[in-house]
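Colleague: Data file final_25.txt (compact mmCIF, C-alpha atoms) is appended below.
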```txt
# COMPACT_ATOMS: atom_id res chain seq x y z
CA ASP B 23 -2.16 79.53 69.13
CA GLY B 24 -3.58 79.99 65.62
CA SER B 25 -2.35 76.63 64.32
CA ALA B 26 -4.42 73.72 62.97
CA SER B 27 -3.88 70.31 61.37
CA PHE B 28 -5.87 68.07 59.03
CA VAL B 29 -5.60 64.61 57.47
CA VAL B 30 -6.43 63.90 53.82
CA GLU B 31 -6.88 60.31 52.53
CA VAL B 32 -7.93 61.15 49.00
CA SER B 33 -5.28 62.42 46.69
CA GLY B 34 -5.91 65.60 44.78
CA GLU B 35 -5.52 69.39 44.92
CA TYR B 36 -6.85 71.24 47.94
CA ARG B 37 -7.04 74.94 49.00
CA VAL B 38 -6.67 75.68 52.71
CA ARG B 39 -8.03 78.98 54.15
CA CYS B 40 -7.75 80.34 57.65
CA GLY B 41 -10.63 82.19 59.26
CA THR B 42 -12.23 83.16 62.56
CA SER B 43 -14.32 80.67 64.40
CA ASP B 44 -17.47 82.62 63.64
CA GLY B 45 -16.62 82.62 59.95
CA LEU B 46 -16.79 86.34 59.60
CA VAL B 47 -13.20 86.66 58.55
CA VAL B 48 -11.69 84.24 56.00
CA ASP B 49 -8.45 84.38 54.05
CA PRO B 50 -9.68 85.02 50.52
CA ARG B 51 -6.61 83.53 48.86
CA GLY B 52 -5.76 80.55 50.97
CA VAL B 53 -2.96 78.14 50.24
CA GLY B 54 -3.08 75.42 47.58
CA VAL B 55 -2.11 71.95 48.76
CA GLN B 56 -1.39 69.03 46.40
CA VAL B 57 -1.94 65.64 48.01
CA ALA B 58 -0.21 62.85 46.09
CA ALA B 59 -1.01 59.17 46.31
CA LEU B 60 1.28 57.02 48.33
CA ALA B 61 3.36 54.22 46.84
CA PRO B 62 1.12 51.59 45.25
CA ILE B 63 0.35 48.47 47.20
CA THR B 64 -1.78 46.97 44.39
CA MET B 65 -1.66 47.21 40.60
CA ASP B 66 -4.38 47.08 37.97
CA THR B 67 -3.77 46.36 34.28
CA GLN B 68 -6.07 48.03 31.76
CA LEU B 69 -6.13 47.26 28.03
CA ALA B 70 -7.41 49.60 25.36
CA ALA B 71 -9.22 46.63 23.78
CA PRO B 72 -9.90 43.08 25.02
CA GLU B 73 -9.36 41.56 21.57
CA VAL B 74 -6.85 42.24 18.81
CA GLN B 75 -5.71 40.71 15.55
CA LEU B 76 -2.43 38.91 15.42
CA GLY B 77 0.46 41.33 14.92
CA VAL B 78 -1.58 44.41 15.90
CA ALA B 79 -0.59 46.41 19.00
CA VAL B 80 -2.92 47.44 21.82
CA GLN B 81 -2.20 50.09 24.49
CA VAL B 82 -1.72 49.08 28.14
CA ARG B 83 -2.34 51.39 31.12
CA CYS B 84 -0.87 50.48 34.51
CA LEU B 85 -2.69 51.93 37.52
CA GLY B 86 -1.31 51.74 41.05
CA PHE B 87 -3.40 52.08 44.22
CA ASP B 88 -2.11 53.17 47.61
CA PRO B 89 -3.54 51.99 50.97
CA TYR B 90 -6.32 54.60 50.72
CA GLY B 91 -7.36 53.54 47.23
CA ASN B 92 -5.80 56.50 45.48
CA ALA B 93 -4.85 55.73 41.89
CA SER B 94 -1.60 56.73 40.30
CA LEU B 95 0.38 56.09 37.13
CA PRO B 96 3.81 55.05 38.38
CA SER B 97 6.58 55.73 35.94
CA ASP B 98 8.84 52.90 36.99
CA VAL B 99 6.58 50.00 36.08
CA ASP B 100 7.06 47.15 33.63
CA LEU B 101 4.91 44.42 32.11
CA GLN B 102 4.81 40.74 32.73
CA VAL B 103 3.78 38.94 29.51
CA PRO B 104 4.10 35.34 28.26
CA GLU B 105 7.38 34.98 26.39
CA GLY B 106 6.93 34.46 22.66
CA ALA B 107 3.17 35.07 22.81
CA LEU B 108 3.13 38.83 23.46
CA GLY B 109 5.70 41.51 22.82
CA ALA B 110 5.92 44.64 25.01
CA GLU B 111 6.74 47.96 23.34
CA ALA B 112 7.07 51.58 24.45
CA ASP B 113 4.12 53.90 23.93
CA LEU B 114 4.27 57.69 24.25
CA GLU B 115 0.74 57.98 25.59
CA THR B 116 0.34 55.08 27.98
CA ARG B 117 4.04 54.12 28.31
CA TYR B 118 3.41 50.54 27.10
CA ARG B 119 1.64 48.59 24.46
CA VAL B 120 1.64 44.88 23.64
CA ARG B 121 1.58 43.14 20.28
CA GLY B 122 0.10 39.66 19.81
CA LEU B 123 2.61 37.11 18.52
CA ALA B 124 0.58 33.93 19.06
CA LEU B 125 -3.09 33.13 18.76
CA GLY B 126 -5.36 32.50 21.70
CA GLU B 127 -5.95 33.78 25.20
CA GLN B 128 -3.00 35.76 26.59
CA HIS B 129 -2.50 37.51 29.93
CA VAL B 130 -0.84 40.86 30.71
CA ALA B 131 0.10 42.05 34.21
CA CYS B 132 1.58 45.36 35.37
CA ARG B 133 4.36 45.23 37.92
CA TYR B 134 5.70 47.87 40.28
CA GLY B 135 8.74 46.61 42.08
CA ARG B 136 7.48 43.61 43.96
CA VAL B 137 3.88 44.59 43.52
CA ILE B 138 2.23 42.78 40.63
CA ASP B 139 -1.33 42.70 39.39
CA GLU B 140 -2.80 39.54 40.85
CA THR B 141 -5.68 39.57 38.36
CA PRO B 142 -3.93 40.09 34.98
CA ALA B 143 -5.85 41.49 32.05
CA THR B 144 -6.96 38.99 29.41
CA LEU B 145 -6.20 39.72 25.78
CA TRP B 146 -7.64 37.54 23.01
CA VAL B 147 -5.35 37.41 20.00
CA ARG B 148 -7.27 36.53 16.86
CA ALA B 149 -5.96 35.58 13.45
CA GLY B 150 -5.64 38.19 10.76
CA LEU B 151 -7.37 38.49 7.40
CA PRO B 152 -7.05 35.73 4.78
CA TYR B 153 -3.77 36.07 2.97
CA VAL B 154 -2.96 32.72 1.37
CA ILE B 155 -4.54 29.29 0.88
CA ASP B 156 -2.55 26.07 1.05
CA THR B 157 -3.43 22.60 -0.25
CA GLU B 158 -2.46 19.64 1.90
CA VAL B 159 -2.75 16.14 0.41
CA ALA B 160 -2.14 13.27 2.81
CA LYS B 161 -0.39 11.09 0.21
CA LEU B 162 1.22 12.27 -3.03
CA GLU B 163 1.86 8.88 -4.68
CA LEU B 164 -1.06 6.51 -5.09
CA ALA B 165 -2.10 3.23 -6.62
CA PRO B 166 -5.19 3.18 -8.87
CA ALA B 167 -8.45 3.60 -6.91
CA GLU B 168 -6.53 4.47 -3.72
CA VAL B 169 -8.15 7.29 -1.74
CA THR B 170 -6.32 10.17 -0.03
CA PRO B 171 -7.89 13.10 1.88
CA VAL B 172 -7.35 16.71 0.81
CA THR B 173 -7.30 19.61 3.29
CA CYS B 174 -7.56 23.31 2.47
CA VAL B 175 -5.85 25.65 4.96
CA VAL B 176 -6.41 29.42 4.82
CA ARG B 177 -3.71 31.46 6.54
CA ASP B 178 -3.17 35.09 7.45
CA ALA B 179 -0.08 37.10 6.57
CA LEU B 180 1.85 35.58 9.48
CA GLY B 181 1.00 32.01 8.57
CA ASN B 182 -1.73 31.39 11.14
CA ALA B 183 -4.58 29.13 10.13
CA LEU B 184 -8.02 30.71 9.84
CA GLU B 185 -11.34 28.96 10.36
CA GLY B 186 -14.81 29.37 8.95
CA ILE B 187 -13.76 30.36 5.40
CA ALA B 188 -15.44 28.51 2.52
CA THR B 189 -13.03 26.61 0.26
CA GLU B 190 -13.26 24.25 -2.72
CA VAL B 191 -10.98 21.51 -4.08
CA HIS B 192 -10.12 21.24 -7.80
CA VAL B 193 -8.14 18.69 -9.83
CA LEU B 194 -6.25 19.37 -13.05
CA GLN B 195 -5.11 16.43 -15.14
CA LEU B 196 -1.55 17.13 -16.27
CA THR B 197 -0.76 14.21 -18.60
CA GLY B 198 -2.73 11.70 -20.63
CA SER B 199 -4.93 13.49 -23.18
CA GLY B 200 -3.66 16.88 -22.00
CA PRO B 201 -4.44 19.38 -19.21
CA ARG B 202 -8.12 19.45 -18.27
CA GLN B 203 -10.26 19.82 -15.18
CA ARG B 204 -11.35 16.58 -13.49
CA PRO B 205 -14.09 17.34 -10.94
CA ASP B 206 -15.08 13.67 -11.04
CA LEU B 207 -11.98 12.73 -9.05
CA ILE B 208 -12.97 14.61 -5.86
CA TYR B 209 -15.65 13.29 -3.51
CA GLN B 210 -16.16 14.72 -0.03
CA ARG B 211 -12.66 16.21 0.08
CA ASN B 212 -11.08 12.90 -0.99
CA PHE B 213 -9.06 12.35 -4.17
CA SER B 214 -9.00 9.07 -6.09
CA SER B 215 -8.36 8.03 -9.70
CA ASN B 216 -8.14 4.80 -11.70
CA GLU B 217 -6.03 6.42 -14.42
CA ALA B 218 -2.27 6.35 -14.00
CA MET B 219 -0.95 9.88 -14.62
CA ARG B 220 0.02 13.12 -12.87
CA TYR B 221 -2.56 15.46 -11.35
CA ALA B 222 -2.47 18.95 -9.83
CA VAL B 223 -4.72 19.21 -6.75
CA TYR B 224 -5.40 22.72 -5.46
CA CYS B 225 -7.76 24.63 -3.18
CA THR B 226 -9.64 27.86 -3.91
CA MET B 227 -11.50 30.55 -1.91
CA PRO B 228 -14.51 31.37 -4.12
CA ALA B 229 -15.55 34.41 -2.08
CA LEU B 230 -12.15 36.04 -2.64
CA ALA B 231 -11.52 34.62 -6.14
CA ALA B 232 -8.22 33.24 -4.81
CA SER B 233 -6.51 29.88 -5.27
CA ASP B 234 -3.39 28.04 -4.22
CA THR B 235 -0.58 29.09 -6.59
CA THR B 236 1.54 26.07 -5.67
CA PRO B 237 -0.77 23.07 -6.18
CA ALA B 238 0.07 19.66 -4.80
CA GLU B 239 1.21 17.26 -7.54
CA VAL B 240 -0.24 13.79 -7.07
CA VAL B 241 1.04 10.82 -9.08
CA VAL B 242 -1.15 7.78 -9.67
CA ASN B 243 1.03 4.83 -10.68
CA ALA B 244 -0.08 1.75 -12.58
CA GLY B 245 -1.20 -1.14 -10.40
CA LEU B 246 -0.16 -4.79 -10.40
CA ALA B 247 0.01 -6.76 -13.63
CA HIS B 248 -3.36 -8.11 -14.71
CA THR B 249 -3.19 -8.83 -18.46
CA TRP B 250 -0.53 -8.70 -21.15
CA VAL B 251 -0.11 -8.68 -24.91
CA ILE B 252 2.91 -10.12 -26.74
CA GLN B 253 3.41 -9.12 -30.36
CA LEU B 254 5.76 -10.80 -32.87
CA PRO B 255 5.84 -10.53 -36.66
CA GLU B 256 3.51 -13.25 -37.94
CA GLN B 257 5.39 -15.47 -40.39
CA ASP B 258 5.58 -19.18 -41.10
CA CYS B 259 9.33 -19.04 -40.65
CA TYR B 260 12.05 -16.49 -40.05
CA TRP B 261 15.48 -15.68 -41.42
CA GLN B 262 18.38 -17.20 -39.67
CA GLY B 263 20.57 -14.78 -37.70
CA ARG B 264 18.33 -11.72 -38.05
CA SER B 265 16.89 -9.87 -35.06
CA LEU B 266 13.22 -10.56 -34.57
CA PRO B 267 11.65 -7.61 -32.71
CA PHE B 268 8.99 -8.27 -30.12
CA ASP B 269 6.71 -6.02 -28.07
CA VAL B 270 5.40 -6.92 -24.62
CA ARG B 271 2.77 -4.71 -23.03
CA VAL B 272 1.49 -5.33 -19.53
CA PHE B 273 -1.71 -3.76 -18.14
CA ASP B 274 -3.22 -3.48 -14.68
CA ARG B 275 -6.88 -4.24 -14.00
CA TYR B 276 -7.86 -0.67 -15.00
CA GLY B 277 -6.09 -0.77 -18.36
CA ASN B 278 -3.06 1.27 -17.30
CA THR B 279 0.18 0.28 -19.00
CA LEU B 280 3.01 -0.75 -16.69
CA PRO B 281 5.89 1.49 -17.81
CA GLU B 282 8.82 -0.95 -17.46
CA PRO B 283 7.63 -4.54 -17.02
CA ARG B 284 10.29 -7.11 -16.17
CA VAL B 285 10.02 -9.89 -18.75
CA HIS B 286 12.32 -12.91 -19.01
CA VAL B 287 12.66 -14.26 -22.57
CA TYR B 288 14.42 -17.59 -23.05
CA SER B 289 14.44 -20.80 -25.07
CA THR B 290 15.34 -24.33 -24.03
CA SER B 291 15.28 -25.65 -27.59
CA GLY B 292 19.03 -25.90 -27.81
CA PRO B 293 21.92 -23.65 -28.89
CA GLY B 294 21.59 -20.85 -31.35
CA PHE B 295 19.20 -18.59 -29.40
CA SER B 296 20.03 -15.13 -28.08
CA VAL B 297 17.93 -12.19 -26.92
CA ASP B 298 18.51 -8.44 -26.91
CA TYR B 299 15.62 -6.78 -25.08
CA ALA B 300 16.04 -3.64 -27.16
CA ALA B 301 16.49 -5.27 -30.60
CA GLY B 302 14.66 -8.57 -30.23
CA VAL B 303 15.43 -12.28 -30.35
CA ARG B 304 17.87 -13.89 -32.79
CA LEU B 305 17.62 -17.43 -34.13
CA LEU B 306 21.22 -18.22 -35.02
CA GLN B 307 20.68 -21.68 -36.46
CA GLU B 308 18.14 -23.17 -38.79
CA ALA B 309 15.93 -25.06 -36.41
CA ASP B 310 12.62 -25.10 -34.60
CA TYR B 311 12.58 -23.06 -31.40
CA VAL B 312 10.14 -22.58 -28.57
CA VAL B 313 10.56 -19.06 -27.19
CA THR B 314 9.18 -18.56 -23.69
CA PHE B 315 8.01 -15.24 -22.26
CA GLU B 316 7.77 -15.04 -18.47
CA LEU B 317 6.64 -12.01 -16.45
CA LEU B 318 8.72 -11.40 -13.33
CA ASP B 319 6.65 -8.55 -11.86
CA PRO B 320 4.10 -9.20 -9.08
CA LYS B 321 0.66 -10.03 -10.41
CA ASP B 322 -2.83 -8.96 -9.43
CA ASN B 323 -4.89 -11.52 -7.53
CA ASP B 324 -7.22 -11.84 -10.52
CA SER B 325 -4.44 -11.79 -13.10
CA THR B 326 -4.87 -13.86 -16.27
CA ILE B 327 -1.17 -13.69 -17.14
CA GLN B 328 0.55 -17.01 -17.67
CA THR B 329 3.96 -17.93 -19.02
CA MET B 330 3.64 -18.02 -22.81
CA ALA B 331 5.58 -20.35 -25.16
CA ILE B 332 5.66 -19.37 -28.85
CA PRO B 333 7.03 -21.78 -31.51
CA LEU B 334 9.36 -20.16 -34.06
CA ARG B 335 11.22 -21.64 -37.02
CA ALA B 336 14.39 -20.26 -38.55
CA ASP B 337 14.74 -21.43 -42.17
CA SER B 338 16.79 -19.37 -44.61
CA THR B 339 17.51 -22.12 -47.20
CA PRO B 340 14.95 -22.33 -50.02
CA PRO B 341 13.69 -25.71 -51.24
CA ARG B 342 15.96 -27.61 -53.67
CA VAL B 343 14.32 -28.42 -57.01
CA LYS B 344 15.61 -31.35 -59.06
CA VAL B 345 14.76 -32.84 -62.46
CA LEU B 346 14.99 -36.58 -61.88
CA ASN B 347 14.80 -37.55 -65.55
CA MET B 348 14.88 -35.60 -68.76
CA ASP B 349 14.04 -38.06 -71.52
CA ARG B 350 14.71 -36.27 -74.82
CA GLY B 351 15.24 -39.47 -76.90
CA ALA B 352 11.66 -39.58 -78.08
CA MET B 353 12.06 -36.23 -79.78
CA LEU B 354 15.32 -37.20 -81.49
CA GLU B 355 13.93 -40.44 -82.95
CA THR B 356 11.14 -38.72 -84.88
CA GLY B 357 13.61 -37.05 -87.21
CA ASN B 358 11.55 -33.94 -87.56
CA TYR B 359 10.68 -30.89 -85.61
CA ASP B 360 7.07 -31.72 -84.86
CA PRO B 361 6.09 -31.15 -81.22
CA SER B 362 6.51 -34.23 -79.10
CA PRO B 363 5.61 -34.65 -75.48
CA ILE B 364 8.51 -34.92 -73.07
CA THR B 365 7.89 -36.05 -69.53
CA TRP B 366 9.95 -34.66 -66.67
CA LEU B 367 9.98 -36.25 -63.28
CA MET B 368 10.70 -33.44 -60.80
CA SER B 369 11.08 -33.11 -57.02
CA ALA B 370 11.31 -30.27 -54.48
CA SER B 371 12.73 -30.91 -51.04
CA ASP B 372 13.58 -28.89 -47.94
CA GLY B 373 15.55 -30.13 -44.98
CA LEU B 374 13.41 -28.28 -42.38
CA SER B 375 10.22 -26.84 -43.73
CA GLY B 376 7.49 -28.62 -45.58
CA VAL B 377 6.86 -27.98 -49.31
CA ARG B 378 3.27 -27.53 -50.35
CA ASN B 379 3.47 -26.89 -54.09
CA VAL B 380 5.62 -25.59 -56.93
CA MET B 381 4.51 -23.26 -59.71
CA VAL B 382 5.66 -24.23 -63.21
CA ASN B 383 4.50 -22.09 -66.14
CA GLY B 384 1.63 -20.78 -64.05
CA HIS B 385 0.46 -24.23 -63.03
CA SER B 386 0.66 -25.56 -59.49
CA TYR B 387 2.26 -28.99 -59.00
CA PRO B 388 1.34 -31.35 -57.58
CA GLU B 389 -2.36 -30.84 -57.05
CA ASN B 390 -3.71 -31.40 -53.52
CA ALA B 391 -0.16 -31.80 -52.18
CA ARG B 392 0.38 -32.13 -48.48
CA ASP B 393 2.92 -30.16 -46.42
CA LEU B 394 5.83 -32.59 -46.89
CA ASN B 395 9.58 -32.12 -46.81
CA THR B 396 9.84 -33.63 -50.29
CA ILE B 397 7.27 -33.71 -53.08
CA THR B 398 7.54 -35.13 -56.63
CA TRP B 399 5.46 -34.62 -59.73
CA ASP B 400 5.40 -35.22 -63.49
CA VAL B 401 5.49 -32.42 -66.01
CA GLU B 402 4.91 -32.87 -69.77
```
When written as structure tokens, how does the structure in this file appear?
Modeller:
Amino acid sequence: DGSASFVVEVSGEYRVRCGTSDGLVVDPRGVGVQVAALAPITMDTQLAAPEVQLGVAVQVRCLGFDPYGNASLPSDVDLQVPEGALGAEADLETRYRVRGLALGEQHVACRYGRVIDETPATLWVRAGLPYVIDTEVAKLELAPAEVTPVTCVVRDALGNALEGIATEVHVLQLTGSGPRQRPDLIYQRNFSSNEAMRYAVYCTMPALAASDTTPAEVVVNAGLAHTWVIQLPEQDCYWQGRSLPFDVRVFDRYGNTLPEPRVHVYSTSGPGFSVDYAAGVRLLQEADYVVTFELLDPKDNDSTIQTMAIPLRADSTPPRVKVLNMDRGAMLETGNYDPSPITWLMSASDGLSGVRNVMVNGHSYPENARDLNTITWDVE
């Protein structure tokens, strides 16, 4: 009856021509037939690149295959991506693209209705180029000789850590004798110092001539008390009622000065003693005192510090000089003005302090005197 039928399993464009069975007559024009793929029963996800830097987008092509294996690009597809790790965006050429939001191995799958790619494409998201270097110090406040590790972290523009980039650690002394580099304080990425002061610890990337612009500030505090020095004005005796300044300096085993040592100053010698830690001690009465200095701060195991007792004397009254006899009769009996010897018996006494000698007309009396409260001598 002049009719025929055919079955096509491969999608594409075909031209159908009618002709006689002997092939002598054939329709020269024929009819064009477009065979489209059926609805996909499987999906395949194709990435423009298997690896991408963090934050950079890569195109995604979703191919669908019908029961005969014909491929198609369905328009009503979407992507299944891990939330927070990849972001799906529209693309004019391939409909979709994904952008890496987290480092590592990520998976992308195309989905058509209920049909989803059972073997998702793998996309490796790598970190970006070096953007900043950070310095991480495990402990920012140390005791002398205490060790703390230092870590240099290179990050990309999105804050992701990068590996395999050469870094160096530097130390800048901030106080003490003034700012200066201290390479001697870093050993195998560990910081340690015996000197109590502030330090700036920072990392650098030599290959990029870059460094951390916000260094870590490390403070080394003085250690436990090891030795001390107590200074008082050196005098045989002191004025009554005046402030007597004192200076107490406490050092750790490395020679660092403790900034605010707790010192207890007291006297058990009786009334008349007071202390002002800013102005000094005051001896309010003329007397002998024993002033005790006691350190209240914890001490080093090898400390040589012991409670110190210092004897002090307050004596504001000078010695009293007396002439015990003044025999002028011998001169009067001569009846003339010739020189005559006159002998004075004199004494000097002090109620508290000893008297060693007295100067009269440039001569010291008595000779070889001992330190007594009262001494007497003859003067002609």
Colleague: Which residues are close to Gly54 in chain B, i.e. within 9 Å by only C-alpha atoms, leaving aside same-chain residues fewer than 6 positions away? Reply as a list in words.
Modeller: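 Everything that qualifies: Glu35, Tyr36, Arg37, Val38 and Arg39 of chain B.
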Colleague: Pick from B:Val80, B:Ala165, B:Met330, B:Val312: nearest to Asp113 in chain B, with all atoms listed in the file counted?
Modeller: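 Of the candidates, the smallest distance to Asp113 in chain B is held by B:Val80.
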Colleague: Considering only C-alpha atoms, state which residue in the set B:Tyr224, B:Phe315, B:Tyr153, B:Trp146 is at the smallest distance from Phe268 in chain B.
Modeller: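 Counting only C-alpha atoms, the residue closest to Phe268 in chain B is B:Phe315.
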Colleague: Of the candidates B:Arg117, B:His129, B:Arg220, B:Arg148, which shows the shortest atom-to-atom distance to Gly77 in chain B, using only C-alpha atoms?
Modeller: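 Closest residue, counting only C-alpha atoms: B:Arg148.
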Colleague: Kindly indicate which residue among B:Thr144, B:Thr197, B:Asn182, B:Asn323 lies nearest to Gln68 in chain B, using all atoms listed in the file for the distances.
Modeller: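 Looking at the shortest contact to Gln68 in chain B, the residue is B:Thr144.
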Colleague: Pick from B:Val191, B:Ala61, B:Leu125, B:Leu76: nearest to Gly91 in chain B, with all atoms listed in the file counted?
Modeller: B:Ala61
Colleague: Enter the distance from CA of Ile138 in chain B to CA of Ala93 in chain B, in Å, rounded to one decimal.
Modeller: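 Taking CA of Ile138 in chain B and CA of Ala93 in chain B, their separation equals 14.8 Å.
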Colleague: How would you write as a list in words the residues that get within 10 Å of (-3.2, 22.8, -7.0) in the file's frame, counting all atoms listed in the file?
Modeller: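 Within the cut-off we find Asp156, Thr157, Glu158, Val159, Val191, His192, Val193, Leu194, Tyr221, Ala222, Val223, Tyr224, Cys225, Thr226, Ser233, Asp234, Thr235, Thr236, Pro237, Ala238, Glu239 and Val240 of chain B.
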Colleague: Tell me which residues come within 7 Å of (0.7, 38.2, 31.1), as a PDB file with C-alpha atoms, in the frame of the given file, counting only C-alpha atoms in the file's coordinates.
Modeller:
```pdb
ATOM      1  CA  GLN B 102       4.810  40.740  32.730  1.00  0.00           C
ATOM      2  CA  VAL B 103       3.780  38.940  29.510  1.00  0.00           C
ATOM      3  CA  PRO B 104       4.100  35.340  28.260  1.00  0.00           C
ATOM      4  CA  GLN B 128      -3.000  35.760  26.590  1.00  0.00           C
ATOM      5  CA  HIS B 129      -2.500  37.510  29.930  1.00  0.00           C
ATOM      6  CA  VAL B 130      -0.840  40.860  30.710  1.00  0.00           C
ATOM      7  CA  ALA B 131       0.100  42.050  34.210  1.00  0.00           C
ATOM      8  CA  PRO B 142      -3.930  40.090  34.980  1.00  0.00           C
TER       9      PRO B 142
END
```
Colleague: For CA of Lys161 in chain B and CA of Tyr209 in chain B, determine how far apart the two atoms are, in Å to one decimal place.
Modeller: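 Separation of CA of Lys161 in chain B and CA of Tyr209 in chain B: 15.9 Å.
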Colleague: Out of B:Ile327, B:Gly302, B:Cys174, B:Gln203, which residue has the shortest atom-to-atom distance to Leu246 in chain B when counting all atoms listed in the file?
Modeller: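 Closest to Leu246 in chain B of all the choices is B:Ile327.
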Colleague: CA of Val29 in chain B and CA of Asp98 in chain B, how far apart in Å?
Modeller: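 Going from CA of Asp98 in chain B over to CA of Val29 in chain B, I get 27.7 Å.
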Colleague: Find the spatial neighbours of Ala124 in chain B, counting only C-alpha atoms, within a cut-off of 8 Å - ignore same-chain residues fewer than 4 positions away - and output them as a PyMOL selection string.
Modeller: chain B and resi 76+106-108+147
